[in-house]
Amino acid sequence: MIPVILSGGSGTRLWPVSRQQMPKQFCEIFSEPLQTLTLKRCLRLGQPWIVTSKALETLTELNLKQNTAQAVVVYEPFGKNTAPAIAALCHLLLLENKSDEIVGIFPSDHLITDEKTFSEVVDFACSVAQENKVVTLGITPSYPETGYGYIQTKAVSHKEQGYLKAYSVVKFHEKPDIEKAKEFMAQGSFSWNAGIFVFKVSHMAGLFKKHQPELWQQIAQLRADKSNLEEVYHQVKSISVDYAIMEKLTGDELTCVPAEFGWNDVGSWDAVAGLLKSHEMANIKSSGNFAFGDAGKHYSAVGVDDVIVVDTKDALMLVKKGQSQDVRHVVELLNQQKSKLVKEHPFEYRPWGYFEILKDTDHFKSKVIRVNPHSQISYQSHSKREEHWTITRGAGEVVLNDEVIPVKAGSHIHIPLGAKHRIRNNTDQMLEFVEVQLGSYFGEDDIVRYQDDYKRN
């Protein structure tokens, strides 16, 4: 099969750890980022494709490099929800004469702990999809959850393989209230909607032609080299595949395979608190608290119960257990205030390495910057700041107005206002330096690039 990872996200539900520039699949919440875990699962199924946004290109490429993995990546110029993404995928596969291939659609930010069962379920779903059916993997509910959509199926299965059964879908249900969720649980023919789909390329393409003819006609203009992807995406409407296709299928066209394979969409801090052990915390006349933050930092709670503490370098959030779905309202408020806390962290990954802001004031800004082995920053200049670089680890060379200057730990370089400069790591070890900026403006947009290995403007 062709496993396809859909990697998007607005970074709101697990704020302040997850943000627009680093949505939850790339965050270090578990032993490995969720994107890494998803990639490893998909590599066992076949050569993966990744559909993601251009804004996440650096994180995506870094993740692939760290896992020494090869994948076909489609970078959407901007998000238009899942239907255009899947339609574009099908069209591109048709152009590669892969009409009979089976595709699996997998969200990048879900946790799956029973990978053996997961693989068995996917194999069974592939056999059902060969019969020109769209298959969705349903999660057998373990409690009346109000945060998930539900899939209602017929009572009798139409295909079986060992303990696995495939049922025709009766209806998709939106997230219910608690009473309705309890009713679904009692009836027994309802599964949580995990957003995982398996289908044959030609069959899904036919469904788009039938149910979304305008969308398909627009997507069909996409060239094989994706050179006109932005132009095509400007035309298409934003719509989920659930609304565009799945809810329009009738009878036996849509099949659900209910199963349990340790699935969790990690959609809230309550979910994280249920999966992880709290950072060490002193509870005085307190109980049921959970802290996620700096492992080297001390946390204490006095006289409070069932509180989730989420601590990052630039934000601290406290939320009562059971109410963490409302974190989105904090993000909405910050958006209204046009706060950068919604979008970015004090640190940022770049194609060449990483930087972290240490201090940001009106008269100076300081960073620690790490340049990966055999990498270099762009050849650039600044019109509103000068810079002082002190090398703290490793060795390399600085190019300053075309002069090459060798540097090592302890070296200091002054970059005058307007000077062309870059630093290059030509060794096998990490190169680290502290940068102090002096001037009238310290924004990341005060850069004129003369040469860049990554073709940035």
# chains A, B, ... in the order shown; residues from 1 in each chain; ligands from 1
>>> closest_atom_pairs(of="range 264-378 of chain A", to="range 38-56 of chain A", cutoff="12 Å", atoms="only C-alpha atoms", output="JSON lines")
{"residue": "A:Lys343", "atom": "CA", "partner": "A:Ala55", "partner_atom": "CA", "distance": 11.5}
{"residue": "A:Glu348", "atom": "CA", "partner": "A:Leu56", "partner_atom": "CA", "distance": 11.8}
{"residue": "A:Tyr349", "atom": "CA", "partner": "A:Leu56", "partner_atom": "CA", "distance": 10.5}
{"residue": "A:Arg350", "atom": "CA", "partner": "A:Leu56", "partner_atom": "CA", "distance": 10.8}
{"residue": "A:Pro351", "atom": "CA", "partner": "A:Leu56", "partner_atom": "CA", "distance": 11.2}
>>> write_last_selection(atoms="C-alpha atoms", output="short mmCIF file (atom, residue, chain, number, x, y, z; two decimals), in the first residue's frame")
data_model
loop_
_atom_site.label_atom_id
_atom_site.label_comp_id
_atom_site.auth_asym_id
_atom_site.auth_seq_id
_atom_site.Cartn_x
_atom_site.Cartn_y
_atom_site.Cartn_z
CA LYS A 343 2.60 31.55 16.36
CA GLU A 348 13.25 28.12 15.96
CA TYR A 349 14.59 25.36 13.76
CA ARG A 350 16.15 26.40 10.47
CA PRO A 351 17.37 24.21 7.58
#
>>> residues_around(residues="Val327 in chain A", least_positions_apart="6", cutoff="12 Å", atoms="only C-alpha atoms", output="number ranges by chain")
A: 11-18, 267-270, 308, 310, 317-321, 333-334, 342
>>> closest_residue(among="A:Val407, A:Val156, A:Ile105, A:Leu400", to="Asn426 in chain A", atoms="only C-alpha atoms")
A:Val407
>>> select_by_dssp(residues="range 90-256 of chain A", states="helix (DSSP H, G or I)", output="MDAnalysis selection string")
chainID A and resid 90:95 115:129 178:187 201:211 213:219 229:235 241:244 246:248
>>> write_last_selection(atoms="C-alpha atoms", output="short mmCIF file (atom, residue, chain, number, x, y, z; two decimals), in the first residue's frame")
data_model
loop_
_atom_site.label_atom_id
_atom_site.label_comp_id
_atom_site.auth_asym_id
_atom_site.auth_seq_id
_atom_site.Cartn_x
_atom_site.Cartn_y
_atom_site.Cartn_z
CA CYS A 90 -5.22 10.80 -6.05
CA HIS A 91 -4.66 12.94 -9.14
CA LEU A 92 -0.87 12.80 -8.76
CA LEU A 93 -0.97 9.02 -8.31
CA LEU A 94 -3.13 8.66 -11.42
CA LEU A 95 -0.51 10.63 -13.34
CA GLU A 115 1.34 -1.43 16.52
CA LYS A 116 1.01 -5.17 15.92
CA THR A 117 -2.79 -4.99 16.01
CA PHE A 118 -2.70 -1.77 14.02
CA SER A 119 -0.79 -3.48 11.21
CA GLU A 120 -3.25 -6.40 11.20
CA VAL A 121 -6.21 -4.01 11.00
CA VAL A 122 -4.62 -2.06 8.13
CA ASP A 123 -3.91 -5.30 6.21
CA PHE A 124 -7.55 -6.34 6.61
CA ALA A 125 -8.73 -2.87 5.55
CA CYS A 126 -6.58 -3.17 2.40
CA SER A 127 -8.29 -6.44 1.46
CA VAL A 128 -11.70 -4.78 1.85
CA ALA A 129 -10.61 -1.72 -0.15
CA ILE A 178 -22.74 13.39 27.18
CA GLU A 179 -26.23 11.89 27.17
CA LYS A 180 -26.06 11.10 23.47
CA ALA A 181 -22.56 9.65 23.92
CA LYS A 182 -23.89 7.33 26.64
CA GLU A 183 -26.70 6.30 24.29
CA PHE A 184 -24.18 5.48 21.56
CA MET A 185 -22.18 3.37 24.01
CA ALA A 186 -25.28 1.46 25.10
CA GLN A 187 -26.30 0.64 21.51
CA VAL A 201 -6.84 5.33 -5.94
CA SER A 202 -9.12 4.89 -8.96
CA HIS A 203 -12.17 4.37 -6.76
CA MET A 204 -11.59 7.51 -4.68
CA ALA A 205 -10.93 9.52 -7.84
CA GLY A 206 -14.28 8.32 -9.18
CA LEU A 207 -16.00 9.41 -5.99
CA PHE A 208 -14.54 12.91 -6.30
CA LYS A 209 -15.70 13.09 -9.92
CA LYS A 210 -19.21 12.05 -8.83
CA HIS A 211 -19.69 13.98 -5.59
CA PRO A 213 -17.07 17.48 -9.80
CA GLU A 214 -16.01 21.13 -9.57
CA LEU A 215 -13.30 20.39 -7.03
CA TRP A 216 -12.02 17.45 -9.09
CA GLN A 217 -12.01 19.51 -12.28
CA GLN A 218 -9.89 22.14 -10.55
CA ILE A 219 -7.50 19.58 -9.03
CA LEU A 229 -0.03 23.87 -7.14
CA GLU A 230 -0.47 27.36 -5.68
CA GLU A 231 -2.56 28.45 -8.66
CA VAL A 232 -4.79 25.37 -8.32
CA TYR A 233 -5.16 25.80 -4.55
CA HIS A 234 -6.34 29.37 -5.01
CA GLN A 235 -9.32 27.96 -6.92
CA VAL A 241 -13.18 14.75 3.15
CA ASP A 242 -15.89 13.77 5.65
CA TYR A 243 -18.26 16.42 4.28
CA ALA A 244 -17.07 16.23 0.68
CA MET A 246 -17.74 10.23 3.22
CA GLU A 247 -21.13 11.57 4.30
CA LYS A 248 -22.40 11.28 0.73
#
>>> atom_distance(atom1="CA of Leu64 in chain A", atom2="CA of Glu32 in chain A")
13.2 Å
>>> select_by_dssp(residues="range 105-305 of chain A", states="strand (DSSP E or B)", output="number ranges by chain")
A: 105-107, 111-112, 134-139, 150-153, 159-161, 164-173, 190-200, 254-259, 263-264, 281-284, 287, 290-292, 299-302, 305
>>> residues_around(residues="Glu403 in chain A", least_positions_apart="6", cutoff="10 Å", atoms="only C-alpha atoms", output="ChimeraX atom specification")
/A:397,420-421
>>> closest_residue(among="A:Lys338, A:Lys24, A:His388, A:Arg223", to="Leu111 in chain A", atoms="only C-alpha atoms")
A:Lys24
>>> closest_residue(among="A:Pro77, A:Asp360, A:Gln323, A:Asn193", to="Ser227 in chain A", atoms="only C-alpha atoms")
A:Pro77
>>> atom_distance(atom1="CA of Arg422 in chain A", atom2="CA of Asn401 in chain A")
9.2 Å
>>> residues_around(residues="range 370-374 of chain A", least_positions_apart="5", cutoff="7 Å", atoms="only C-alpha atoms", output="ChimeraX atom specification")
/A:352-355,425-433
>>> write_last_selection(atoms="C-alpha atoms", output="PDB file, in the first residue's frame")
ATOM      1  CA  TRP A 352      20.957  24.765   8.764  1.00  0.00           C
ATOM      2  CA  GLY A 353      20.368  24.348  12.508  1.00  0.00           C
ATOM      3  CA  TYR A 354      18.650  26.049  15.418  1.00  0.00           C
ATOM      4  CA  PHE A 355      18.539  29.247  17.441  1.00  0.00           C
ATOM      5  CA  ASN A 425      30.466  24.694   9.870  1.00  0.00           C
ATOM      6  CA  ASN A 426      32.863  22.596   7.797  1.00  0.00           C
ATOM      7  CA  THR A 427      33.428  19.979  10.503  1.00  0.00           C
ATOM      8  CA  ASP A 428      31.641  16.842  11.736  1.00  0.00           C
ATOM      9  CA  GLN A 429      30.747  18.450  15.091  1.00  0.00           C
ATOM     10  CA  MET A 430      28.088  20.981  16.072  1.00  0.00           C
ATOM     11  CA  LEU A 431      29.177  24.631  15.904  1.00  0.00           C
ATOM     12  CA  GLU A 432      27.670  26.873  18.599  1.00  0.00           C
ATOM     13  CA  PHE A 433      27.974  30.590  19.211  1.00  0.00           C
TER      14      PHE A 433
END
>>> residues_around(residues="Ile5 in chain A", least_positions_apart="6", cutoff="6 Å", atoms="only C-alpha atoms", output="compact mmCIF listing (two decimals) with N, CA and C atoms, in the first residue's frame")
# COMPACT_ATOMS: atom_id res chain seq x y z
N ILE A 50 3.88 12.30 2.24
CA ILE A 50 3.49 13.25 3.28
C ILE A 50 2.85 14.44 2.59
N PHE A 106 -3.36 8.63 7.03
CA PHE A 106 -3.08 8.58 8.46
C PHE A 106 -2.72 9.97 9.00
N PRO A 107 -3.44 10.47 10.00
CA PRO A 107 -3.06 11.74 10.63
C PRO A 107 -1.68 11.60 11.28
N SER A 108 -0.92 12.68 11.25
CA SER A 108 0.46 12.63 11.76
C SER A 108 0.53 12.77 13.27
>>> residues_around(residues="Ser31 in chain A", least_positions_apart="5", cutoff="12 Å", atoms="only C-alpha atoms", output="ChimeraX atom specification")
/A:26,36-37,111,275-276
>>> write_last_selection(atoms="N, CA and C atoms", output="compact mmCIF listing (two decimals), in the first residue's frame")
# COMPACT_ATOMS: atom_id res chain seq x y z
N PHE A 26 5.19 17.76 15.98
CA PHE A 26 6.63 17.97 16.04
C PHE A 26 7.13 18.26 17.45
N THR A 36 7.33 11.52 14.13
CA THR A 36 8.33 10.46 14.03
C THR A 36 7.69 9.09 14.22
N LEU A 37 6.84 8.96 15.22
CA LEU A 37 6.17 7.68 15.48
C LEU A 37 5.28 7.29 14.30
N LEU A 111 -1.50 9.08 18.53
CA LEU A 111 -0.66 8.09 19.21
C LEU A 111 -1.29 6.71 19.07
N LEU A 275 -1.80 10.06 29.78
CA LEU A 275 -0.81 9.21 29.11
C LEU A 275 0.57 9.29 29.73
N LEU A 276 0.90 10.40 30.36
CA LEU A 276 2.24 10.63 30.88
C LEU A 276 2.26 10.74 32.40
>>> atom_distance(atom1="CA of Gly104 in chain A", atom2="CA of Lys200 in chain A")
9.0 Å
